[in-house]
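Heads up: the structure comes next, in structure tokens.
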Amino acid sequence: MPQIDERRSAARLLSGLENGSLSVADATIVAEDLDPVLVYVIVSFLRAIHPASDPAATPVLERVVRLTSGHPTVIRRYQEGERDPISRWFEGDHEYREFIGRESELIELIVDKIET
């Protein structure tokens, strides 16, 4: 997938899961085409900034759970991304919460790291 499309698709998945603008079926199609690291980071980011203890987070977390539990291809991509050294690097050097309101920077950082 060309760089600009991957960035756009990652941003679409993140915002769609967060605000409900993507159905789980559409989110699955997007996630199946993304790099596994992006799938993992997007899901982890949403889980980190929308804690289960916050009732307002319930719709976001429900969408994330439906995406990551009911679709084998997405589950595999998530697990591959979790094991990837880029994900380990990111989680060692950064906190997801530092990218609240800076989601595009998060995606840029990860895509740039994938490309190098």
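Residues in the structure tokens are named by chain (A, B, ... in the order shown) and by number from 1 within that chain; ligands are numbered from 1 in the order shown.
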Within 6 Å of region 70-78 of chain A, which residues of region 18-59 of chain A come that close, and what is the closest atom pair and distance in Å for each? Count only C-alpha atoms and give it as CSV.
residue,atom,partner,partner_atom,distance
A:Glu32,CA,A:Val74,CA,5.8
A:Pro36,CA,A:Arg77,CA,4.6
A:Val39,CA,A:Tyr78,CA,5.6
A:Tyr40,CA,A:Tyr78,CA,4.8
List as a Markdown table every residue of region 14-44 of chain A that is in contact with region 82-89 of chain A, defined as an atom at most 12 Å from one of its atoms (using only C-alpha atoms), together with the nearest atom pair and the distance in Å rounded to one decimal, sorted by chain and then rising number.
| residue | atom | partner | partner_atom | distance |
| --- | --- | --- | --- | --- |
| A:Asp35 | CA | A:Asp84 | CA | 10.7 |
| A:Pro36 | CA | A:Glu82 | CA | 8.0 |
| A:Val37 | CA | A:Ser87 | CA | 6.3 |
| A:Leu38 | CA | A:Ser87 | CA | 8.8 |
| A:Val39 | CA | A:Glu82 | CA | 9.0 |
| A:Tyr40 | CA | A:Glu82 | CA | 5.8 |
| A:Val41 | CA | A:Ser87 | CA | 7.1 |
| A:Ile42 | CA | A:Ser87 | CA | 10.9 |
| A:Val43 | CA | A:Glu82 | CA | 10.3 |
| A:Ser44 | CA | A:Glu82 | CA | 9.3 |
Next, write the just-selected residues to a file, as a short mmCIF file (atom, residue, chain, number, x, y, z; two decimals), in the first residue's frame, keeping C-alpha atoms as the atom set.
data_model
loop_
_atom_site.label_atom_id
_atom_site.label_comp_id
_atom_site.auth_asym_id
_atom_site.auth_seq_id
_atom_site.Cartn_x
_atom_site.Cartn_y
_atom_site.Cartn_z
CA ASP A 35 0.53 -3.06 8.42
CA PRO A 36 0.18 -5.22 11.56
CA VAL A 37 2.10 -2.67 13.63
CA LEU A 38 -0.47 0.00 12.78
CA VAL A 39 -3.34 -2.30 13.72
CA TYR A 40 -1.71 -3.07 17.06
CA VAL A 41 -0.79 0.55 17.83
CA ILE A 42 -4.25 1.89 16.92
CA VAL A 43 -6.04 -0.68 19.08
CA SER A 44 -3.59 -0.18 21.96
#
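Of note, CA of Pro55 (chain A) and CA of Asn19 (chain A) are spaced 14.8 Å apart.
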Legend entry - Residue contacts of Arg8 (chain A) (12 Å, only C-alpha atoms) excluding same-chain residues fewer than 3 positions away, as number ranges by chain: A: 1-5, 11-16, 30-31, 33-34, 38, 103-104, 107-108, 111
Selected residues, all heavy atoms, written as a short mmCIF file (atom, residue, chain, number, x, y, z; two decimals), in the first residue's frame, please.
data_model
loop_
_atom_site.label_atom_id
_atom_site.label_comp_id
_atom_site.auth_asym_id
_atom_site.auth_seq_id
_atom_site.Cartn_x
_atom_site.Cartn_y
_atom_site.Cartn_z
N MET A 1 0.86 -1.18 0.00
CA MET A 1 0.00 0.00 0.00
C MET A 1 0.91 1.24 0.00
O MET A 1 1.79 1.34 0.83
CB MET A 1 -0.86 -0.03 1.28
CG MET A 1 -1.77 1.15 1.44
SD MET A 1 -2.80 1.08 2.94
CE MET A 1 -3.94 -0.19 2.52
N PRO A 2 0.70 2.16 -0.90
CA PRO A 2 1.51 3.39 -0.91
C PRO A 2 1.42 4.12 0.44
O PRO A 2 0.41 4.06 1.13
CB PRO A 2 0.89 4.21 -2.04
CG PRO A 2 0.21 3.21 -2.92
CD PRO A 2 -0.24 2.12 -2.01
N GLN A 3 2.49 4.85 0.75
CA GLN A 3 2.61 5.51 2.06
C GLN A 3 1.42 6.40 2.39
O GLN A 3 0.89 6.33 3.50
CB GLN A 3 3.87 6.36 2.10
CG GLN A 3 5.13 5.60 1.91
CD GLN A 3 6.30 6.54 1.67
OE1 GLN A 3 6.20 7.74 1.77
NE2 GLN A 3 7.44 5.96 1.37
N ILE A 4 0.99 7.22 1.48
CA ILE A 4 -0.09 8.17 1.76
C ILE A 4 -1.40 7.42 2.02
O ILE A 4 -2.17 7.79 2.90
CB ILE A 4 -0.25 9.22 0.63
CG1 ILE A 4 -1.15 10.37 1.10
CG2 ILE A 4 -0.78 8.62 -0.64
CD1 ILE A 4 -0.45 11.32 2.02
N ASP A 5 -1.64 6.35 1.28
CA ASP A 5 -2.85 5.56 1.49
C ASP A 5 -2.82 4.87 2.85
O ASP A 5 -3.85 4.78 3.51
CB ASP A 5 -3.02 4.53 0.38
CG ASP A 5 -3.35 5.16 -0.96
OD1 ASP A 5 -3.80 6.33 -0.98
OD2 ASP A 5 -3.16 4.49 -1.99
N ALA A 11 -5.52 6.53 9.77
CA ALA A 11 -6.29 7.62 10.40
C ALA A 11 -7.79 7.33 10.34
O ALA A 11 -8.52 7.59 11.31
CB ALA A 11 -5.98 8.94 9.71
N ARG A 12 -8.23 6.78 9.23
CA ARG A 12 -9.65 6.44 9.08
C ARG A 12 -10.06 5.37 10.09
O ARG A 12 -11.13 5.45 10.70
CB ARG A 12 -9.91 5.96 7.66
CG ARG A 12 -11.34 5.64 7.38
CD ARG A 12 -11.56 5.35 5.89
NE ARG A 12 -12.93 4.97 5.69
CZ ARG A 12 -13.30 3.88 5.04
NH1 ARG A 12 -12.41 3.08 4.50
NH2 ARG A 12 -14.58 3.59 4.90
N LEU A 13 -9.21 4.35 10.27
CA LEU A 13 -9.52 3.29 11.22
C LEU A 13 -9.57 3.84 12.64
O LEU A 13 -10.51 3.57 13.39
CB LEU A 13 -8.48 2.16 11.13
CG LEU A 13 -8.70 0.99 12.08
CD1 LEU A 13 -10.03 0.28 11.80
CD2 LEU A 13 -7.54 0.01 11.99
N LEU A 14 -8.56 4.62 13.01
CA LEU A 14 -8.51 5.17 14.35
C LEU A 14 -9.74 6.03 14.65
O LEU A 14 -10.45 5.82 15.63
CB LEU A 14 -7.22 5.96 14.55
CG LEU A 14 -6.87 6.33 15.97
CD1 LEU A 14 -5.37 6.52 16.11
CD2 LEU A 14 -7.58 7.56 16.46
N SER A 15 -10.02 6.98 13.77
CA SER A 15 -11.15 7.88 14.03
C SER A 15 -12.47 7.13 13.91
O SER A 15 -13.41 7.40 14.68
CB SER A 15 -11.12 9.09 13.10
OG SER A 15 -11.30 8.71 11.77
N GLY A 16 -12.57 6.20 12.98
CA GLY A 16 -13.80 5.45 12.82
C GLY A 16 -14.15 4.59 14.02
O GLY A 16 -15.32 4.50 14.41
N VAL A 30 -10.60 -2.23 6.42
CA VAL A 30 -9.46 -1.31 6.53
C VAL A 30 -8.31 -1.98 7.28
O VAL A 30 -7.15 -1.96 6.83
CB VAL A 30 -9.87 0.01 7.22
CG1 VAL A 30 -8.66 0.90 7.46
CG2 VAL A 30 -10.92 0.74 6.39
N ALA A 31 -8.61 -2.60 8.42
CA ALA A 31 -7.57 -3.22 9.26
C ALA A 31 -6.86 -4.36 8.53
O ALA A 31 -5.66 -4.56 8.70
CB ALA A 31 -8.17 -3.72 10.56
N ASP A 33 -6.00 -4.52 5.57
CA ASP A 33 -5.02 -4.01 4.60
C ASP A 33 -3.88 -3.22 5.23
O ASP A 33 -2.95 -2.83 4.53
CB ASP A 33 -5.73 -3.13 3.56
CG ASP A 33 -6.56 -3.94 2.59
OD1 ASP A 33 -6.28 -5.14 2.40
OD2 ASP A 33 -7.52 -3.37 2.02
N LEU A 34 -3.96 -2.96 6.52
CA LEU A 34 -2.92 -2.17 7.18
C LEU A 34 -1.76 -3.03 7.65
O LEU A 34 -1.92 -4.23 7.90
CB LEU A 34 -3.49 -1.45 8.41
CG LEU A 34 -4.33 -0.21 8.17
CD1 LEU A 34 -4.82 0.34 9.51
CD2 LEU A 34 -3.55 0.85 7.42
N LEU A 38 0.55 -1.05 12.69
CA LEU A 38 -0.47 0.00 12.78
C LEU A 38 -1.74 -0.51 13.43
O LEU A 38 -2.35 0.18 14.24
CB LEU A 38 -0.77 0.57 11.39
CG LEU A 38 0.27 1.53 10.85
CD1 LEU A 38 0.06 1.78 9.37
CD2 LEU A 38 0.26 2.84 11.63
N GLU A 103 -3.14 12.42 17.16
CA GLU A 103 -3.24 11.11 16.55
C GLU A 103 -2.51 11.03 15.21
O GLU A 103 -1.88 10.03 14.89
CB GLU A 103 -4.71 10.70 16.38
CG GLU A 103 -5.43 10.42 17.68
CD GLU A 103 -5.97 11.67 18.38
OE1 GLU A 103 -5.74 12.81 17.91
OE2 GLU A 103 -6.62 11.50 19.43
N SER A 104 -2.58 12.11 14.43
CA SER A 104 -1.88 12.10 13.13
C SER A 104 -0.37 11.98 13.33
O SER A 104 0.31 11.33 12.54
CB SER A 104 -2.23 13.31 12.29
OG SER A 104 -1.82 14.49 12.93
N ILE A 107 0.44 8.31 14.01
CA ILE A 107 0.44 7.53 12.78
C ILE A 107 1.69 7.84 11.95
O ILE A 107 2.35 6.91 11.45
CB ILE A 107 -0.86 7.78 11.99
CG1 ILE A 107 -2.03 7.16 12.76
CG2 ILE A 107 -0.76 7.23 10.57
CD1 ILE A 107 -3.39 7.58 12.27
N GLU A 108 2.05 9.11 11.83
CA GLU A 108 3.26 9.49 11.09
C GLU A 108 4.50 8.83 11.68
O GLU A 108 5.34 8.30 10.95
CB GLU A 108 3.44 11.01 11.10
CG GLU A 108 2.50 11.76 10.21
CD GLU A 108 2.75 11.53 8.73
OE1 GLU A 108 3.91 11.38 8.32
OE2 GLU A 108 1.76 11.49 7.99
N VAL A 111 4.40 5.00 10.86
CA VAL A 111 4.62 4.73 9.43
C VAL A 111 6.07 5.05 9.06
O VAL A 111 6.71 4.28 8.35
CB VAL A 111 3.62 5.51 8.55
CG1 VAL A 111 4.00 5.39 7.08
CG2 VAL A 111 2.20 4.98 8.77
#
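Restricting the calculation to only C-alpha atoms, the smallest distance between Ile49 (chain A) and any of A:Glu91, A:Ser23, A:Gln79, A:Arg97 is found for A:Arg97.
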